[in-house]
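> What follows is structure03.cif, made up of mmCIF, C-alpha atoms:
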data_start
#
loop_
_atom_site.label_atom_id
_atom_site.label_comp_id
_atom_site.auth_asym_id
_atom_site.auth_seq_id
_atom_site.Cartn_x
_atom_site.Cartn_y
_atom_site.Cartn_z
CA MET A 131 -24.81 87.68 117.03
CA LYS A 132 -26.15 90.96 115.62
CA ILE A 133 -29.05 90.89 118.13
CA LEU A 134 -26.59 90.25 120.98
CA ARG A 135 -24.49 93.27 119.95
CA SER A 136 -27.60 95.43 119.69
CA SER A 137 -28.77 94.40 123.17
CA ILE A 138 -25.32 94.88 124.66
CA PHE A 139 -25.04 98.31 123.00
CA ARG A 140 -28.43 99.38 124.42
CA ALA A 141 -27.42 98.06 127.82
CA VAL A 142 -24.08 99.89 127.82
CA CYS A 143 -25.79 103.15 126.76
CA ALA A 144 -28.38 102.75 129.53
CA ILE A 145 -25.70 101.98 132.12
CA ALA A 146 -23.58 104.97 131.06
CA THR A 147 -26.58 107.31 131.11
CA GLY A 148 -27.67 105.90 134.47
CA ILE A 149 -24.23 106.46 135.98
CA LEU A 150 -24.16 110.05 134.67
CA LEU A 151 -27.60 110.75 136.13
CA ILE A 152 -26.67 109.18 139.47
CA ASN A 153 -23.35 111.04 139.75
CA ASN A 154 -24.51 114.44 138.46
CA PRO A 155 -28.28 114.88 138.79
CA ASP A 156 -27.97 118.62 139.53
CA SER A 157 -25.89 119.46 136.47
CA THR A 158 -28.02 117.14 134.34
CA VAL A 159 -31.14 119.11 135.31
CA LYS A 160 -29.29 122.32 134.42
CA TRP A 161 -28.15 121.05 131.01
CA ILE A 162 -31.56 119.59 130.16
CA THR A 163 -33.10 122.98 131.02
CA ILE A 164 -30.55 124.76 128.82
CA ALA A 165 -31.22 122.33 125.95
CA ILE A 166 -34.97 122.93 126.24
CA GLY A 167 -34.29 126.67 126.31
CA VAL A 168 -32.23 126.48 123.12
CA MET A 169 -35.04 124.53 121.42
CA PHE A 170 -37.60 127.17 122.45
CA LEU A 171 -35.23 129.92 121.32
CA LEU A 172 -34.68 128.33 117.89
CA SER A 173 -38.40 127.71 117.43
CA GLY A 174 -39.17 131.33 118.28
CA VAL A 175 -36.42 132.73 116.06
CA ILE A 176 -37.67 130.64 113.11
CA SER A 177 -41.23 131.82 113.77
CA LEU A 178 -40.15 135.47 113.89
CA ALA A 179 -37.97 135.11 110.78
CA THR A 180 -40.88 133.56 108.90
CA TYR A 181 -43.12 136.44 110.02
CA PHE A 182 -40.68 139.14 108.90
CA ASN A 183 -40.13 137.39 105.58
CA ALA A 184 -43.90 137.12 105.01
CA LYS A 185 -44.38 140.76 106.06
CA ARG A 186 -41.73 141.90 103.60
CA ARG A 187 -43.55 140.09 100.77
CA ALA A 188 -47.05 141.04 101.98
CA GLY A 189 -47.89 143.34 99.07
CA GLU A 190 -47.03 140.69 96.49
CA ASN A 191 -49.76 138.25 97.52
CA GLU A 192 -52.90 140.39 97.80
CA VAL A 193 -55.92 139.10 95.87
CA TYR A 194 -58.71 141.38 94.59
CA ASP A 195 -62.12 140.54 93.16
CA ALA A 196 -63.47 141.81 89.81
CA GLU A 197 -64.67 145.04 91.40
CA GLY A 198 -61.28 145.84 92.94
CA ARG A 199 -62.11 144.90 96.55
CA LEU A 200 -59.41 143.19 98.59
CA ILE A 201 -60.34 139.53 99.13
CA VAL A 202 -57.18 138.11 100.69
CA HIS A 203 -55.04 140.40 102.78
CA ALA A 204 -51.51 139.12 102.80
CA LYS A 205 -50.29 140.93 105.92
CA PRO A 206 -49.43 138.20 108.43
CA ALA A 207 -50.38 138.33 112.10
CA PHE A 208 -47.54 139.01 114.53
CA PRO A 209 -46.32 135.72 116.07
CA ILE A 210 -46.85 136.39 119.78
CA VAL A 211 -46.15 132.73 120.55
CA GLY A 212 -42.87 132.99 118.63
CA LEU A 213 -41.83 136.02 120.67
CA GLY A 214 -42.83 134.18 123.86
CA SER A 215 -40.74 131.19 122.76
CA VAL A 216 -37.72 133.44 122.25
CA LEU A 217 -38.13 135.01 125.71
CA LEU A 218 -38.71 131.67 127.45
CA GLY A 219 -35.78 130.15 125.54
CA LEU A 220 -33.48 132.96 126.63
CA ILE A 221 -34.55 132.61 130.26
CA LEU A 222 -34.07 128.83 130.22
CA ALA A 223 -30.72 129.00 128.42
CA ILE A 224 -29.20 131.94 130.29
CA ILE A 225 -30.44 131.44 133.86
CA PRO A 226 -31.53 127.78 134.14
CA ASN A 227 -30.92 127.46 137.88
CA GLU A 228 -33.10 130.47 138.70
CA PHE A 229 -35.88 129.11 136.49
CA ILE A 230 -35.64 125.70 138.17
CA LYS A 231 -35.71 127.26 141.64
CA THR A 232 -38.72 129.42 140.79
CA LEU A 233 -40.56 126.46 139.30
CA MET A 234 -39.73 124.30 142.32
CA TYR A 235 -40.93 127.00 144.74
CA ALA A 236 -44.22 127.22 142.85
CA LEU A 237 -44.64 123.44 142.78
CA GLY A 238 -43.66 123.16 146.45
CA GLY A 239 -46.24 125.79 147.35
CA ILE A 240 -48.93 123.96 145.39
CA ILE A 241 -48.04 120.69 147.11
CA ILE A 242 -48.18 122.33 150.55
CA LEU A 243 -51.58 123.86 149.75
CA GLY A 244 -52.79 120.43 148.62
CA ALA A 245 -51.64 118.87 151.89
CA VAL A 246 -53.32 121.61 153.93
CA ASN A 247 -56.51 121.04 151.94
CA GLN A 248 -56.37 117.31 152.71
CA PHE A 249 -55.83 118.02 156.40
CA MET A 250 -58.85 120.35 156.41
CA THR A 251 -60.97 117.70 154.69
CA LEU A 252 -59.92 115.11 157.27
CA LEU A 253 -60.64 117.55 160.13
CA ASN A 254 -64.14 118.14 158.76
CA ALA A 255 -64.65 114.40 158.32
CA LYS A 256 -63.46 113.85 161.91
CA LYS A 257 -66.48 115.86 163.11
CA LEU A 258 -68.77 113.33 161.43
CA PHE A 259 -66.99 110.03 162.13
CA ARG A 260 -63.77 108.56 163.49
CA VAL A 261 -60.91 108.97 160.98
CA PRO A 262 -58.26 106.23 161.29
CA VAL A 263 -54.68 107.33 161.97
CA TRP A 264 -53.37 105.93 158.70
CA PHE A 265 -55.55 108.44 156.78
CA TRP A 266 -53.29 111.20 158.14
CA ILE A 267 -50.09 109.60 156.78
CA GLY A 268 -50.69 110.64 153.13
CA PRO A 269 -51.22 114.35 153.77
CA SER A 270 -48.29 114.35 156.23
CA LEU A 271 -45.95 112.87 153.60
CA ILE A 272 -47.24 115.33 151.02
CA LEU A 273 -46.63 118.24 153.41
CA ILE A 274 -43.10 117.02 154.20
CA THR A 275 -42.40 116.72 150.46
CA GLY A 276 -43.66 120.25 149.81
CA VAL A 277 -41.50 121.66 152.61
CA PHE A 278 -38.47 119.72 151.28
CA ILE A 279 -39.04 121.20 147.81
CA ILE A 280 -39.22 124.73 149.25
CA ILE A 281 -36.08 124.24 151.38
CA ARG A 282 -33.99 122.37 148.76
CA PRO A 283 -35.41 123.28 145.31
CA ILE A 284 -32.43 122.10 143.22
CA ASP A 285 -32.15 118.79 145.11
CA ALA A 286 -35.88 118.25 144.62
CA SER A 287 -35.60 118.89 140.88
CA ALA A 288 -32.67 116.46 140.60
CA LEU A 289 -34.37 113.67 142.56
CA PRO A 290 -36.48 112.34 139.65
CA LEU A 291 -33.36 112.18 137.50
CA LEU A 292 -31.58 110.29 140.26
CA ILE A 293 -34.41 107.75 140.29
CA ILE A 294 -34.32 107.53 136.49
CA GLY A 295 -30.56 107.04 136.67
CA TRP A 296 -30.91 104.08 139.02
CA CYS A 297 -33.66 102.63 136.81
CA LEU A 298 -31.48 102.98 133.70
CA LEU A 299 -28.58 101.33 135.50
CA PHE A 300 -30.82 98.45 136.56
CA TYR A 301 -32.25 98.18 133.05
CA GLY A 302 -28.77 98.08 131.52
CA VAL A 303 -27.56 95.33 133.83
CA THR A 304 -30.68 93.19 133.31
CA GLU A 305 -30.49 93.77 129.54
CA CYS A 306 -26.91 92.46 129.53
CA ILE A 307 -27.84 89.42 131.61
CA ASN A 308 -30.88 88.67 129.43
CA ALA A 309 -28.95 89.10 126.18
CA VAL A 310 -26.17 86.76 127.28
CA LYS A 311 -28.66 84.19 128.60
CA ILE A 312 -30.74 84.25 125.41
CA TYR A 313 -27.62 84.07 123.24
CA LYS A 314 -26.34 81.03 125.15
CA GLU A 315 -29.72 79.29 124.95
CA THR A 316 -30.17 79.88 121.22
CA ARG A 317 -26.61 78.70 120.43
CA ASN A 318 -27.26 75.26 121.92
#
Here is the file; what I need is its structure written in the form of structure tokens.

Amino acid sequence: MKILRSSIFRAVCAIATGILLINNPDSTVKWITIAIGVMFLLSGVISLATYFNAKRRAGENEVYDAEGRLIVHAKPAFPIVGLGSVLLGLILAIIPNEFIKTLMYALGGIIILGAVNQFMTLLNAKKLFRVPVWFWIGPSLILITGVFIIIRPIDASALPLLIIGWCLLFYGVTECINAVKIYKETRN
């Protein structure tokens, strides 16, 4: 019975998460971006706090040899990565939609350039031999996807979460069915 409850609990959590992702993929992308930003911000703040604490105590930990030469210099290096984490965290937490749009524009541009490159490769290959029509389908779909991402950046960023939402919903339903079936079979 404990296994049945565990499976049902997992299934219900998956179904609930799936429904949330299906109903609100845009806001889910926003809140995931904010959460990642807060994690970066905290990591950077801890790194900077550690640096300033170590810098304050720098004179206490210097080691000299027998002749009075400094062997270990206790002054810590400035945490550039920590400062970068703070800045990235602030950007992600304060303006998540702008970050997502910018990232989607960059990814869309890269995808379009990739499609153009594939078209150019096929055009060069066409000079040497006959290229079947179905070879052109892949680059065409890639180009359409890149254009879609440029035109609708937020929708494009939410699409993977929509797919994940449907998968979680499907997983939850099948987990329930499997748990009930296995429970019935093992009871007999």
> Would you list the contacts of Phe208 (chain A) as a tab-separated table (two decimals) with C-alpha atoms, keeping the file's coordinate frame, taking every protein, DNA or RNA residue within 9 Å and counting all atoms listed in the file, but skipping same-chain residues closer than 4 positions in sequence?

chain	number	residue	atom	x	y	z
A	178	LEU	CA	-40.15	135.47	113.89
A	181	TYR	CA	-43.12	136.44	110.02
A	182	PHE	CA	-40.68	139.14	108.90
A	212	GLY	CA	-42.87	132.99	118.63
A	213	LEU	CA	-41.83	136.02	120.67
> What does the distance from CA of Gly302 (chain A) to CA of Ile145 (chain A) come to in Å, to one decimal?
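If I compute the distance from CA of Gly302 (chain A) to CA of Ile145 (chain A), I get 5.0 Å.
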> Write out as a list in words the residues lying within 8 Å of Ala146 (chain A), counting all atoms listed in the file and excluding same-chain residues fewer than 4 positions away.
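Skipping anything fewer than 4 positions along the chain leaves Val142, Leu150 and Leu299 of chain A.
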> Residues of the last selection are to be written out with C-alpha atoms, as a PDB file, keeping the file's coordinate frame.

ATOM      1  CA  VAL A 142     -24.080  99.890 127.820  1.00  0.00           C
ATOM      2  CA  LEU A 150     -24.160 110.050 134.670  1.00  0.00           C
ATOM      3  CA  LEU A 299     -28.580 101.330 135.500  1.00  0.00           C
TER       4      LEU A 299
END
> On this structure, which residues satisfy the PyMOL selection byres ((chain A and resi 232-248) around 12), written as JSON, numbers by chain?
{"A": [163, 221, 222, 225, 226, 227, 228, 229, 230, 231, 249, 250, 251, 252, 253, 254, 255, 265, 266, 267, 268, 269, 270, 271, 272, 273, 274, 275, 276, 277, 278, 279, 280, 281, 282, 283, 284, 285, 286, 287, 288, 289]}
> Next, write the just-selected residues to a file, as a PDB file, in the frame of the given file, keeping C-alpha atoms as the atom set.

ATOM      1  CA  THR A 163     -33.100 122.980 131.020  1.00  0.00           C
ATOM      2  CA  ILE A 221     -34.550 132.610 130.260  1.00  0.00           C
ATOM      3  CA  LEU A 222     -34.070 128.830 130.220  1.00  0.00           C
ATOM      4  CA  ILE A 225     -30.440 131.440 133.860  1.00  0.00           C
ATOM      5  CA  PRO A 226     -31.530 127.780 134.140  1.00  0.00           C
ATOM      6  CA  ASN A 227     -30.920 127.460 137.880  1.00  0.00           C
ATOM      7  CA  GLU A 228     -33.100 130.470 138.700  1.00  0.00           C
ATOM      8  CA  PHE A 229     -35.880 129.110 136.490  1.00  0.00           C
ATOM      9  CA  ILE A 230     -35.640 125.700 138.170  1.00  0.00           C
ATOM     10  CA  LYS A 231     -35.710 127.260 141.640  1.00  0.00           C
ATOM     11  CA  PHE A 249     -55.830 118.020 156.400  1.00  0.00           C
ATOM     12  CA  MET A 250     -58.850 120.350 156.410  1.00  0.00           C
ATOM     13  CA  THR A 251     -60.970 117.700 154.690  1.00  0.00           C
ATOM     14  CA  LEU A 252     -59.920 115.110 157.270  1.00  0.00           C
ATOM     15  CA  LEU A 253     -60.640 117.550 160.130  1.00  0.00           C
ATOM     16  CA  ASN A 254     -64.140 118.140 158.760  1.00  0.00           C
ATOM     17  CA  ALA A 255     -64.650 114.400 158.320  1.00  0.00           C
ATOM     18  CA  PHE A 265     -55.550 108.440 156.780  1.00  0.00           C
ATOM     19  CA  TRP A 266     -53.290 111.200 158.140  1.00  0.00           C
ATOM     20  CA  ILE A 267     -50.090 109.600 156.780  1.00  0.00           C
ATOM     21  CA  GLY A 268     -50.690 110.640 153.130  1.00  0.00           C
ATOM     22  CA  PRO A 269     -51.220 114.350 153.770  1.00  0.00           C
ATOM     23  CA  SER A 270     -48.290 114.350 156.230  1.00  0.00           C
ATOM     24  CA  LEU A 271     -45.950 112.870 153.600  1.00  0.00           C
ATOM     25  CA  ILE A 272     -47.240 115.330 151.020  1.00  0.00           C
ATOM     26  CA  LEU A 273     -46.630 118.240 153.410  1.00  0.00           C
ATOM     27  CA  ILE A 274     -43.100 117.020 154.200  1.00  0.00           C
ATOM     28  CA  THR A 275     -42.400 116.720 150.460  1.00  0.00           C
ATOM     29  CA  GLY A 276     -43.660 120.250 149.810  1.00  0.00           C
ATOM     30  CA  VAL A 277     -41.500 121.660 152.610  1.00  0.00           C
ATOM     31  CA  PHE A 278     -38.470 119.720 151.280  1.00  0.00           C
ATOM     32  CA  ILE A 279     -39.040 121.200 147.810  1.00  0.00           C
ATOM     33  CA  ILE A 280     -39.220 124.730 149.250  1.00  0.00           C
ATOM     34  CA  ILE A 281     -36.080 124.240 151.380  1.00  0.00           C
ATOM     35  CA  ARG A 282     -33.990 122.370 148.760  1.00  0.00           C
ATOM     36  CA  PRO A 283     -35.410 123.280 145.310  1.00  0.00           C
ATOM     37  CA  ILE A 284     -32.430 122.100 143.220  1.00  0.00           C
ATOM     38  CA  ASP A 285     -32.150 118.790 145.110  1.00  0.00           C
ATOM     39  CA  ALA A 286     -35.880 118.250 144.620  1.00  0.00           C
ATOM     40  CA  SER A 287     -35.600 118.890 140.880  1.00  0.00           C
ATOM     41  CA  ALA A 288     -32.670 116.460 140.600  1.00  0.00           C
ATOM     42  CA  LEU A 289     -34.370 113.670 142.560  1.00  0.00           C
TER      43      LEU A 289
END
> For CA of Ala141 (chain A) and CA of Tyr301 (chain A), determine how far apart the two atoms are, in Å to one decimal place.
7.1 Å
> Can you list, as a list in words, every protein, DNA or RNA residue that comes within 12 Å of Pro290 (chain A) when you count only C-alpha atoms, leaving out same-chain residues fewer than 4 positions away?
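My reading of the contact set: Leu151, Ile152, Pro155, Asp156, Thr158, Val159, Ile284, Asp285, Ala286, Ile294, Gly295, Trp296 and Cys297 of chain A.
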> With only C-alpha atoms as the atoms that count, which of A:Lys205, A:Arg260, A:Arg199, A:Lys314 lies nearest to Ala184 (chain A)?
A:Lys205
> Interatomic distance between CA of Asn154 (chain A) and CA of Leu298 (chain A)?
14.2 Å
> So, counting only C-alpha atoms, which residue among A:Leu218, A:Leu291, A:Ile138, A:Ile210 is closest to Tyr313 (chain A)?
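Closest to Tyr313 (chain A) of all the choices is A:Ile138.
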